[in-house]
Amino acid sequence: MMTPDDSSQKRDASMAAGIDSDHDTLPDLLAVDRRSRVEFGATRRRFLKASATLTAGLVGVPWLGRLAGAEMAAGTIIDTHTHFYDPTRPQGVPWPDKGDRLLYRKVLPPDYRALPQPRKVTGTVVVEASSWVEDNQWVLDLAANDPFIVGMVGNLTPGSDAFSGQLRRFAGNPLFRGIRIGGDRLGAAVGEASFRKDLGRLADAGLELDVNGSPESLPGVARLAAEVPDLRIVINHVANVRIDGRAAPADWLRGMNAASQKPHVYCKVSGLVEGSGRADGKAPADVEFYRPILDGIWNAFGADRLIYGSNWPVSERFAPCGVVQGIVSGYFQTRGPAAVEKVFWRNASAAYRWVTRAR
Ligand SMILES: [Zn+2]
């Protein structure tokens, strides 16, 4: 059900278009849990369980410290949606395609850090776009040597025979924060017991689920949120809605409103320039062009459940990364400084529980 690429590429095509070094992690984990319990309205039991899982995962990993805490400096930005890969490695890559002149190149954290951006990005959560199971390990290995990576969202297939074993394996690394699936079959998949059971395992491990689908996938998100109430779900790329500067599509608005009814569903503020369909790198930089869509998610999710992601390098096809950050920053500044801080890292801490790393 998960495709190796991002649906932004599919849409593009279809349009022809430190971790702190101390080992004393428990107090901080519990501090985060207490805050999270308020934010999610979740039970104490569940958070104690998640905390225990995470603490267990930390044993034997001396370079890992505490979760993102209240001590993060003002101006922190966590980009929760990047892709890193290396087509020059011996086994190659299943994505991007060799014929993709923009994306088929080595793309690593130093390349991202070199990008001009309005505000310096503090860290990133990598989203795995490769369909090869071992590429989850490849990103974790990359992350082990680069503290800029504060978490990863892996690529596993819930409902498959191998899922529970693979989850156990990767969840042992505290940087593994969840998985992503495609949303197109979600509505049907939620009806399958094996699928629901695996997502329950994900929730029990304290991990989240990213869902990348079209506006039609949103009823499935709402259904899943009701069926697996302990699972934090992050809708990717504002559900890949087409953005044309005019009023938001009614079906998309309905879907977003329905999905947002459950407090553990979040929406990633990403995929905006991609939504313009302008694959010549000239998507509008003007916030006004995106305002109907941004107002739609603001009204549905509010200040506490919107999360910034750049979707770089995919977004580069539509606009430079600095423009992507500038649009989101420009919109949320009009919602006040607290909203900016929440969208750029606090909400990501609640949804992903990314880790603070020593530099
Ligand atoms: Zn992406």
# chains A, B, ... in the order shown; residues from 1 in each chain; ligands from 1
>>> residues_near_ligand(ligand="ligand 1", cutoff="10 Å", atoms="only C-alpha atoms and all ligand atoms", output="PyMOL selection string")
chain A and resi 5-9+80-83+126-129+212+236-237+270-271+309-315
>>> closest_residue(among="A:Gly75, A:Ala350, A:Ala171, A:Asp97", to="Pro337 (chain A)", atoms="only C-alpha atoms")
A:Gly75
>>> residues_around(residues="region 287-289 of chain A", least_positions_apart="4", cutoff="7 Å", atoms="only C-alpha atoms", output="NGL selection string")
:A and (245 or 327 or 330-331)
>>> atom_distance(atom1="CA of Val241 (chain A)", atom2="CA of Val211 (chain A)")
13.8 Å
>>> select_by_dssp(residues="region 196-349 of chain A", states="strand (DSSP E)", output="ChimeraX atom specification")
/A:208-212,232-235,265-269,306-308
>>> residues_around(residues="Trp345 (chain A)", least_positions_apart="4", cutoff="10 Å", atoms="only C-alpha atoms", output="PDB file with C-alpha atoms, in the first residue's frame")
ATOM      1  CA  ALA A  68      12.935  17.407  23.249  1.00  0.00           C
ATOM      2  CA  MET A  72      14.932  24.283  23.642  1.00  0.00           C
ATOM      3  CA  GLY A  75      14.053  30.092  17.329  1.00  0.00           C
ATOM      4  CA  THR A  76      14.258  26.322  17.248  1.00  0.00           C
ATOM      5  CA  ILE A  77      13.090  24.836  13.957  1.00  0.00           C
ATOM      6  CA  ILE A  78      12.591  21.128  13.431  1.00  0.00           C
ATOM      7  CA  ASP A  79      11.883  20.230   9.813  1.00  0.00           C
ATOM      8  CA  THR A  80       9.818  17.049  10.089  1.00  0.00           C
ATOM      9  CA  THR A 122      17.913  23.069  14.198  1.00  0.00           C
ATOM     10  CA  GLY A 123      17.232  19.474  13.253  1.00  0.00           C
ATOM     11  CA  THR A 124      15.176  17.202  11.059  1.00  0.00           C
ATOM     12  CA  LEU A 306       0.041  21.657  12.908  1.00  0.00           C
ATOM     13  CA  ILE A 307       3.654  20.665  12.195  1.00  0.00           C
ATOM     14  CA  TYR A 308       6.213  22.138   9.805  1.00  0.00           C
ATOM     15  CA  VAL A 340       5.137  29.990  15.342  1.00  0.00           C
ATOM     16  CA  GLU A 341       6.971  28.115  18.069  1.00  0.00           C
ATOM     17  CA  SER A 349       7.815  17.128  19.852  1.00  0.00           C
ATOM     18  CA  ALA A 350       4.311  15.990  20.872  1.00  0.00           C
ATOM     19  CA  TRP A 354      11.990  13.397  18.598  1.00  0.00           C
TER      20      TRP A 354
END
>>> closest_residue(among="A:Val324, A:Leu167, A:Val355, A:Val269", to="Pro284 (chain A)", atoms="only C-alpha atoms")
A:Val324
